[in-house]
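The file target19.cif contains mmCIF, C-alpha atoms:
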```cif
data_coords
#
loop_
_atom_site.group_PDB
_atom_site.id
_atom_site.type_symbol
_atom_site.label_atom_id
_atom_site.label_comp_id
_atom_site.auth_asym_id
_atom_site.auth_seq_id
_atom_site.Cartn_x
_atom_site.Cartn_y
_atom_site.Cartn_z
ATOM 1 C CA MET A 1 -36.042 155.001 -24.752
ATOM 2 C CA PRO A 2 -39.668 154.772 -24.479
ATOM 3 C CA HIS A 3 -41.035 153.514 -21.195
ATOM 4 C CA CYS A 4 -42.848 150.623 -22.817
ATOM 5 C CA PHE A 5 -39.755 149.513 -24.507
ATOM 6 C CA LYS A 6 -37.962 149.498 -21.140
ATOM 7 C CA LEU A 7 -40.712 147.430 -19.710
ATOM 8 C CA ILE A 8 -40.402 144.965 -22.582
ATOM 9 C CA LEU A 9 -36.659 144.727 -21.997
ATOM 10 C CA ALA A 10 -37.195 144.249 -18.302
ATOM 11 C CA PHE A 11 -39.605 141.441 -18.857
ATOM 12 C CA ALA A 12 -37.243 139.882 -21.370
ATOM 13 C CA PHE A 13 -34.326 139.908 -18.901
ATOM 14 C CA MET A 14 -36.511 138.440 -16.248
ATOM 15 C CA GLY A 15 -37.474 135.588 -18.586
ATOM 16 C CA LEU A 16 -33.849 134.931 -19.422
ATOM 17 C CA GLY A 17 -32.954 134.886 -15.765
ATOM 18 C CA GLY A 18 -35.562 132.247 -14.996
ATOM 19 C CA ILE A 19 -34.347 130.113 -17.809
ATOM 20 C CA SER A 20 -30.735 130.457 -16.646
ATOM 21 C CA GLN A 21 -31.551 129.490 -13.089
ATOM 22 C CA ALA A 22 -33.470 126.443 -14.240
ATOM 23 C CA ALA A 23 -30.553 125.388 -16.445
ATOM 24 C CA LEU A 24 -28.132 125.827 -13.590
ATOM 25 C CA PHE A 25 -30.331 123.732 -11.365
ATOM 26 C CA GLU A 26 -30.518 120.960 -13.910
ATOM 27 C CA ASP A 27 -26.711 120.897 -14.423
ATOM 28 C CA ALA A 28 -26.108 120.454 -10.705
ATOM 29 C CA GLU A 29 -28.510 117.543 -10.573
ATOM 30 C CA ALA A 30 -26.815 115.982 -13.539
ATOM 31 C CA ARG A 31 -23.391 116.361 -11.985
ATOM 32 C CA ARG A 32 -24.592 114.775 -8.752
ATOM 33 C CA ALA A 33 -26.107 111.911 -10.711
ATOM 34 C CA ILE A 34 -22.922 111.500 -12.653
ATOM 35 C CA LEU A 35 -20.890 111.559 -9.432
ATOM 36 C CA ASP A 36 -23.209 108.983 -7.861
ATOM 37 C CA LEU A 37 -23.010 106.858 -10.942
ATOM 38 C CA ARG A 38 -19.242 107.208 -10.980
ATOM 39 C CA GLN A 39 -19.062 106.231 -7.301
ATOM 40 C CA LYS A 40 -21.302 103.253 -7.925
ATOM 41 C CA LEU A 41 -19.200 102.281 -10.924
ATOM 42 C CA GLU A 42 -16.010 102.571 -8.891
ATOM 43 C CA LEU A 43 -17.561 100.518 -6.115
ATOM 44 C CA THR A 44 -18.713 97.983 -8.636
ATOM 45 C CA ASN A 45 -15.226 97.879 -10.163
ATOM 46 C CA LYS A 46 -13.728 97.463 -6.708
ATOM 47 C CA ASN A 47 -16.160 94.641 -5.905
ATOM 48 C CA LEU A 48 -15.453 93.080 -9.283
ATOM 49 C CA GLU A 49 -11.715 93.314 -8.739
ATOM 50 C CA ALA A 50 -12.126 91.828 -5.259
ATOM 51 C CA SER A 51 -14.237 89.009 -6.711
ATOM 52 C CA GLN A 52 -11.663 88.433 -9.419
ATOM 53 C CA GLN A 53 -8.889 88.324 -6.848
ATOM 54 C CA ASN A 54 -10.924 85.921 -4.721
ATOM 55 C CA ILE A 55 -11.683 83.719 -7.717
ATOM 56 C CA LYS A 56 -8.036 83.846 -8.779
ATOM 57 C CA ALA A 57 -6.954 82.897 -5.250
ATOM 58 C CA GLN A 58 -9.436 80.020 -5.224
ATOM 59 C CA VAL A 59 -8.306 78.889 -8.667
ATOM 60 C CA GLU A 60 -4.667 79.050 -7.590
ATOM 61 C CA GLU A 61 -5.524 77.179 -4.405
ATOM 62 C CA ASN A 62 -7.442 74.594 -6.385
ATOM 63 C CA LEU A 63 -4.579 74.283 -8.842
ATOM 64 C CA SER A 64 -2.163 73.942 -5.944
ATOM 65 C CA ASN A 65 -4.391 71.343 -4.307
ATOM 66 C CA HIS A 66 -4.762 69.566 -7.640
ATOM 67 C CA ALA A 67 -0.991 69.561 -8.120
ATOM 68 C CA ALA A 68 -0.507 68.262 -4.574
ATOM 69 C CA THR A 69 -3.168 65.621 -5.149
ATOM 70 C CA ARG A 70 -1.561 64.663 -8.420
ATOM 71 C CA ARG A 71 1.838 64.417 -6.762
ATOM 72 C CA ALA A 72 0.316 62.326 -3.986
ATOM 73 C CA LEU A 73 -1.359 60.074 -6.568
ATOM 74 C CA LEU A 74 1.886 59.740 -8.496
ATOM 75 C CA GLU A 75 3.736 58.928 -5.296
ATOM 76 C CA LEU A 76 1.041 56.418 -4.342
ATOM 77 C CA GLN A 77 1.229 54.888 -7.814
ATOM 78 C CA ASN A 78 4.999 54.632 -7.505
ATOM 79 C CA GLN A 79 4.590 52.962 -4.124
ATOM 80 C CA ILE A 80 2.061 50.543 -5.587
ATOM 81 C CA GLU A 81 4.409 49.695 -8.444
ATOM 82 C CA SER A 82 7.240 49.244 -5.970
ATOM 83 C CA LEU A 83 5.083 46.965 -3.823
ATOM 84 C CA LYS A 84 4.060 45.012 -6.932
ATOM 85 C CA SER A 85 7.714 44.593 -7.815
ATOM 86 C CA GLU A 86 8.574 43.484 -4.274
ATOM 87 C CA LEU A 87 5.576 41.142 -4.260
ATOM 88 C CA SER A 88 6.697 39.653 -7.558
ATOM 89 C CA VAL A 89 10.179 39.119 -6.171
ATOM 90 C CA MET A 90 8.759 37.582 -3.012
ATOM 91 C CA ARG A 91 6.435 35.359 -5.044
ATOM 92 C CA GLY A 92 9.382 34.208 -7.123
ATOM 93 C CA ALA A 93 11.401 33.556 -3.976
ATOM 94 C CA ASN A 94 8.501 31.635 -2.438
ATOM 95 C CA GLU A 95 8.114 29.539 -5.572
ATOM 96 C CA GLN A 96 11.836 28.811 -5.500
ATOM 97 C CA LEU A 97 11.611 27.863 -1.824
ATOM 98 C CA LEU A 98 8.648 25.596 -2.572
ATOM 99 C CA ARG A 99 10.583 23.913 -5.371
ATOM 100 C CA GLU A 100 13.585 23.471 -3.102
ATOM 101 C CA LEU A 101 11.331 22.119 -0.352
ATOM 102 C CA ALA A 102 9.739 19.663 -2.787
ATOM 103 C CA ASN A 103 13.192 18.543 -3.931
ATOM 104 C CA LEU A 104 14.298 18.151 -0.319
ATOM 105 C CA GLN A 105 11.203 16.090 0.461
ATOM 106 C CA ILE A 106 11.899 13.872 -2.545
ATOM 107 C CA LYS A 107 15.534 13.479 -1.487
ATOM 108 C CA GLN A 108 14.455 12.780 2.088
ATOM 109 C CA LYS A 109 12.001 10.161 0.863
ATOM 110 C CA ASP A 110 14.700 8.564 -1.293
ATOM 111 C CA ILE A 111 17.122 8.582 1.642
ATOM 112 C CA LEU A 112 14.535 7.036 3.959
ATOM 113 C CA GLN A 113 13.706 4.388 1.380
ATOM 114 C CA SER A 114 17.399 3.705 0.909
ATOM 115 C CA VAL A 115 17.915 3.460 4.665
ATOM 116 C CA ASP A 116 14.859 1.230 5.012
ATOM 117 C CA SER A 117 16.142 -0.929 2.192
ATOM 118 C CA ARG A 118 19.544 -1.204 3.833
ATOM 119 C CA LEU A 119 18.019 -1.917 7.222
ATOM 120 C CA THR A 120 15.781 -4.533 5.653
ATOM 121 C CA LYS A 121 18.867 -6.307 4.371
ATOM 122 C CA PHE A 122 20.141 -6.639 7.933
ATOM 123 C CA GLU A 123 16.921 -6.793 9.910
ATOM 124 C CA PRO A 124 16.277 -10.309 11.236
ATOM 125 C CA VAL A 125 13.344 -12.201 9.775
ATOM 126 C CA SER A 126 11.119 -14.732 11.484
ATOM 127 C CA VAL A 127 11.629 -18.299 10.301
ATOM 128 C CA VAL A 128 9.642 -21.448 11.010
ATOM 129 C CA LEU A 129 11.452 -24.609 9.880
ATOM 130 C CA ASP A 130 11.042 -28.239 10.928
ATOM 131 C CA GLY A 131 8.894 -27.237 13.892
ATOM 132 C CA LEU A 132 11.361 -24.590 15.112
ATOM 133 C CA SER A 133 10.732 -20.843 15.247
ATOM 134 C CA PHE A 134 13.708 -18.512 15.271
ATOM 135 C CA GLN A 135 15.135 -15.234 13.978
ATOM 136 C CA ALA A 136 17.628 -15.205 11.129
ATOM 137 C CA GLU A 137 19.501 -12.551 9.216
ATOM 138 C CA PRO A 138 18.290 -12.072 5.645
ATOM 139 C CA ALA A 139 21.714 -13.099 4.277
ATOM 140 C CA GLU A 140 21.712 -16.146 6.544
ATOM 141 C CA LYS A 141 18.292 -17.277 5.316
ATOM 142 C CA LYS A 142 19.285 -16.647 1.720
ATOM 143 C CA GLU A 143 22.428 -18.735 2.008
ATOM 144 C CA PHE A 144 20.643 -21.666 3.651
ATOM 145 C CA ASP A 145 17.862 -21.625 1.072
ATOM 146 C CA ALA A 146 20.463 -21.566 -1.701
ATOM 147 C CA ALA A 147 22.317 -24.562 -0.213
ATOM 148 C CA LEU A 148 19.080 -26.501 0.155
ATOM 149 C CA SER A 149 18.216 -25.718 -3.465
ATOM 150 C CA VAL A 150 21.541 -27.272 -4.484
ATOM 151 C CA PHE A 151 20.592 -30.429 -2.574
ATOM 152 C CA ARG A 152 17.183 -30.606 -4.206
ATOM 153 C CA SER A 153 18.766 -30.195 -7.615
ATOM 154 C CA GLY A 154 20.573 -33.523 -7.053
ATOM 155 C CA ASP A 155 24.051 -32.026 -6.632
ATOM 156 C CA PHE A 156 24.715 -33.767 -3.309
ATOM 157 C CA ALA A 157 28.456 -33.076 -3.225
ATOM 158 C CA GLY A 158 27.823 -29.396 -3.907
ATOM 159 C CA ALA A 159 25.049 -29.329 -1.305
ATOM 160 C CA GLN A 160 27.351 -30.879 1.280
ATOM 161 C CA ALA A 161 30.018 -28.243 0.641
ATOM 162 C CA SER A 162 27.482 -25.391 0.722
ATOM 163 C CA LEU A 163 25.891 -26.567 3.965
ATOM 164 C CA LEU A 164 29.248 -27.099 5.690
ATOM 165 C CA ASN A 165 30.292 -23.582 4.649
ATOM 166 C CA PHE A 166 27.000 -22.311 6.006
ATOM 167 C CA LEU A 167 27.602 -23.913 9.403
ATOM 168 C CA ARG A 168 31.117 -22.508 9.557
ATOM 169 C CA ARG A 169 29.718 -19.016 8.907
ATOM 170 C CA TYR A 170 26.680 -19.396 11.206
ATOM 171 C CA PRO A 171 27.587 -21.990 13.855
ATOM 172 C CA THR A 172 24.794 -20.897 16.247
ATOM 173 C CA SER A 173 22.154 -20.425 13.576
ATOM 174 C CA GLY A 174 18.626 -21.642 14.037
ATOM 175 C CA TYR A 175 19.249 -23.516 10.789
ATOM 176 C CA ALA A 176 22.100 -25.538 12.371
ATOM 177 C CA SER A 177 20.116 -28.682 13.259
ATOM 178 C CA SER A 178 18.329 -28.771 9.898
ATOM 179 C CA SER A 179 21.683 -28.191 8.175
ATOM 180 C CA LEU A 180 23.103 -31.263 9.929
ATOM 181 C CA PHE A 181 20.144 -33.327 8.753
ATOM 182 C CA TRP A 182 20.648 -32.358 5.113
ATOM 183 C CA ILE A 183 24.431 -32.732 5.343
ATOM 184 C CA GLY A 184 23.880 -36.263 6.616
ATOM 185 C CA ASN A 185 21.534 -37.001 3.736
ATOM 186 C CA ALA A 186 23.965 -35.521 1.194
ATOM 187 C CA GLN A 187 26.770 -37.670 2.607
ATOM 188 C CA TYR A 188 24.547 -40.761 2.530
ATOM 189 C CA ALA A 189 23.783 -40.013 -1.129
ATOM 190 C CA THR A 190 27.527 -39.774 -1.881
ATOM 191 C CA LYS A 191 28.101 -43.012 0.127
ATOM 192 C CA ASP A 192 30.124 -41.253 2.835
ATOM 193 C CA TYR A 193 28.286 -43.320 5.456
ATOM 194 C CA LYS A 194 30.645 -42.778 8.399
ATOM 195 C CA GLU A 195 30.465 -38.994 8.125
ATOM 196 C CA SER A 196 26.744 -39.257 7.562
ATOM 197 C CA VAL A 197 26.331 -41.174 10.850
ATOM 198 C CA LEU A 198 28.414 -38.566 12.704
ATOM 199 C CA ASN A 199 26.259 -35.664 11.480
ATOM 200 C CA PHE A 200 22.946 -37.430 12.132
ATOM 201 C CA ARG A 201 24.055 -38.283 15.680
ATOM 202 C CA LYS A 202 25.244 -34.713 16.180
ATOM 203 C CA LEU A 203 21.756 -33.556 15.241
ATOM 204 C CA LEU A 204 20.223 -35.996 17.736
ATOM 205 C CA SER A 205 22.645 -34.756 20.402
ATOM 206 C CA ILE A 206 21.929 -31.019 20.044
ATOM 207 C CA ALA A 207 18.243 -31.245 19.131
ATOM 208 C CA PRO A 208 16.640 -34.524 20.298
ATOM 209 C CA GLN A 209 13.162 -32.964 19.958
ATOM 210 C CA HIS A 210 13.790 -31.841 16.388
ATOM 211 C CA ALA A 211 10.956 -32.696 14.020
ATOM 212 C CA ARG A 212 13.390 -34.690 11.862
ATOM 213 C CA ALA A 213 15.055 -36.511 14.766
ATOM 214 C CA PRO A 214 13.140 -39.801 14.086
ATOM 215 C CA GLU A 215 14.182 -39.646 10.421
ATOM 216 C CA ALA A 216 17.771 -38.956 11.484
ATOM 217 C CA MET A 217 17.793 -42.003 13.763
ATOM 218 C CA LEU A 218 16.367 -44.185 11.002
ATOM 219 C CA ALA A 219 19.011 -42.778 8.631
ATOM 220 C CA VAL A 220 21.707 -43.820 11.153
ATOM 221 C CA SER A 221 20.443 -47.389 10.983
ATOM 222 C CA ASN A 222 20.490 -47.220 7.177
ATOM 223 C CA CYS A 223 24.110 -46.051 7.192
ATOM 224 C CA LEU A 224 25.083 -48.849 9.588
ATOM 225 C CA VAL A 225 23.388 -51.373 7.297
ATOM 226 C CA GLU A 226 25.491 -50.023 4.408
ATOM 227 C CA LEU A 227 28.568 -50.360 6.664
ATOM 228 C CA LYS A 228 27.581 -54.027 7.330
ATOM 229 C CA ASP A 229 26.975 -53.234 11.032
ATOM 230 C CA LEU A 230 23.633 -55.006 11.310
ATOM 231 C CA LYS A 231 23.836 -55.233 15.085
ATOM 232 C CA GLY A 232 24.393 -51.498 15.362
ATOM 233 C CA ALA A 233 21.637 -50.891 12.826
ATOM 234 C CA LYS A 234 19.174 -53.013 14.841
ATOM 235 C CA LYS A 235 20.134 -51.226 18.058
ATOM 236 C CA ALA A 236 19.583 -47.832 16.375
ATOM 237 C CA MET A 237 16.117 -48.880 15.256
ATOM 238 C CA GLU A 238 15.223 -50.160 18.729
ATOM 239 C CA GLU A 239 16.316 -46.815 20.202
ATOM 240 C CA LEU A 240 14.183 -45.108 17.563
ATOM 241 C CA ILE A 241 11.127 -47.125 18.513
ATOM 242 C CA SER A 242 11.720 -46.380 22.178
ATOM 243 C CA ALA A 243 12.375 -42.659 21.761
ATOM 244 C CA TYR A 244 9.756 -41.859 19.113
ATOM 245 C CA PRO A 245 7.184 -44.659 19.267
ATOM 246 C CA SER A 246 4.375 -42.825 17.465
ATOM 247 C CA SER A 247 6.513 -41.595 14.557
ATOM 248 C CA ASP A 248 6.330 -42.944 11.005
ATOM 249 C CA ALA A 249 10.069 -43.703 11.253
ATOM 250 C CA ALA A 250 9.409 -45.912 14.306
ATOM 251 C CA GLN A 251 6.765 -47.857 12.343
ATOM 252 C CA THR A 252 9.259 -48.394 9.519
ATOM 253 C CA ALA A 253 11.877 -49.538 12.048
ATOM 254 C CA LYS A 254 9.441 -52.130 13.496
ATOM 255 C CA GLU A 255 8.815 -53.544 10.070
ATOM 256 C CA ARG A 256 12.533 -53.785 9.313
ATOM 257 C CA ILE A 257 13.336 -55.452 12.628
ATOM 258 C CA GLY A 258 10.575 -57.952 11.884
ATOM 259 C CA ARG A 259 12.199 -58.828 8.581
ATOM 260 C CA MET A 260 15.618 -59.184 10.218
ATOM 261 C CA ARG A 261 14.459 -62.043 12.478
#
```

Please go through the file and, once you have read it, give me the structure as structure tokens.
Amino acid sequence: MPHCFKLILAFAFMGLGGISQAALFEDAEARRAILDLRQKLELTNKNLEASQQNIKAQVEENLSNHAATRRALLELQNQIESLKSELSVMRGANEQLLRELANLQIKQKDILQSVDSRLTKFEPVSVVLDGLSFQAEPAEKKEFDAALSVFRSGDFAGAQASLLNFLRRYPTSGYASSSLFWIGNAQYATKDYKESVLNFRKLLSIAPQHARAPEAMLAVSNCLVELKDLKGAKKAMEELISAYPSSDAAQTAKERIGRMR
């Protein structure tokens, strides 16, 4: 082989060697870059997986908290509904109690009014009659007033019976003296003069200061005149003038005595 040709071959091999070394150098760099990139990718994947796990844990925690909160809200709602139900029952019970209380108050008021009414029927009342003041039972006053009404109606026999019954029922009544006066008048009207005199004198005996005592004494003289006892009638009028000189009955007696002379 010619020497020049050997030289050309030598130079050619040298050029190929340089190219091969450069290529080998570049492959190593590429592999390192790929390895670095792969490591970075793996790290990134690891970080991503860690982030995903963290996010998943947070989501699960949030879901758990949400479920717990929802359960708590449901429980609270159930408690509220239960309280509303209890409150409704209590309100109904209170309304019932109020109605019962109102009914009791009405009944109590009715009872008190009934008791007051009954007590009123028996509670003594103040009476002023013929100058006398006294206490009388309501029934007592009613019976006397009724008997007096009979007298004023002109039923003298009926009045006499009513007044005598009254005195038998209420012998110590404050109406006793006035009852005797009207009994005497009723008997005079029915011409029962002797009994009339007895009742007028009984009035004068138990109540000489009675407002109608002068009239009673004058009535005694009238009865005695009807009984033809003029002497007794004159004596009765003289006693009237002496006992009650300023009375209208005494003035009438003076005039009658004057006519008898």

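Atom CA of Glu123 of chain A is found 23.3 Å from atom CA of Lys107 of chain A.
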
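Distance annotation: of A:Ile111, A:Val197, A:Ala57, A:Ala216, the residue with the minimal separation from Phe181 of chain A is A:Ala216; atom set is only C-alpha atoms.
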
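Between atom CA of Glu255 of chain A and atom CA of Lys234 of chain A there is a distance of 11.4 Å.
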
Can you give me, as JSON, numbers by chain, the residues this file yields under the PyMOL selection byres ((chain A and resi 252) around 12)? {"A": [214, 215, 217, 218, 219, 221, 222, 237, 238, 240, 241, 244, 245, 246, 247, 248, 249, 250, 251, 253, 254, 255, 256, 257, 258, 259]}

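Distances here use all atoms listed in the file; by that measure, the residue among A:Ala33, A:Phe166, A:Ala159, A:Val128 closest to Glu143 of chain A is A:Phe166.
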
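Proximity to Val150 of chain A at 12 Å, evaluated using only C-alpha atoms and with sequence-adjacent residues fewer than 2 positions away removed, yields Glu143, Phe144, Asp145, Ala146, Ala147, Leu148, Arg152, Ser153, Gly154, Asp155, Phe156, Ala157, Gly158, Ala159, Gln160, Ala161, Ser162, Leu163, Trp182, Ile183 and Ala186 of chain A.
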
Counting all atoms listed in the file, what is within 8 Å of Leu132 of chain A, bar same-chain residues fewer than 3 positions away, as number ranges by chain? A: 127-129, 174, 210

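For Leu180 of chain A, the non-local neighbours within 7 Å, defined as residues at least 4 positions apart in the same chain or in other chains and counting all atoms listed in the file, are Ala176, Gly184, Asn199, Phe200 and Leu203 of chain A.
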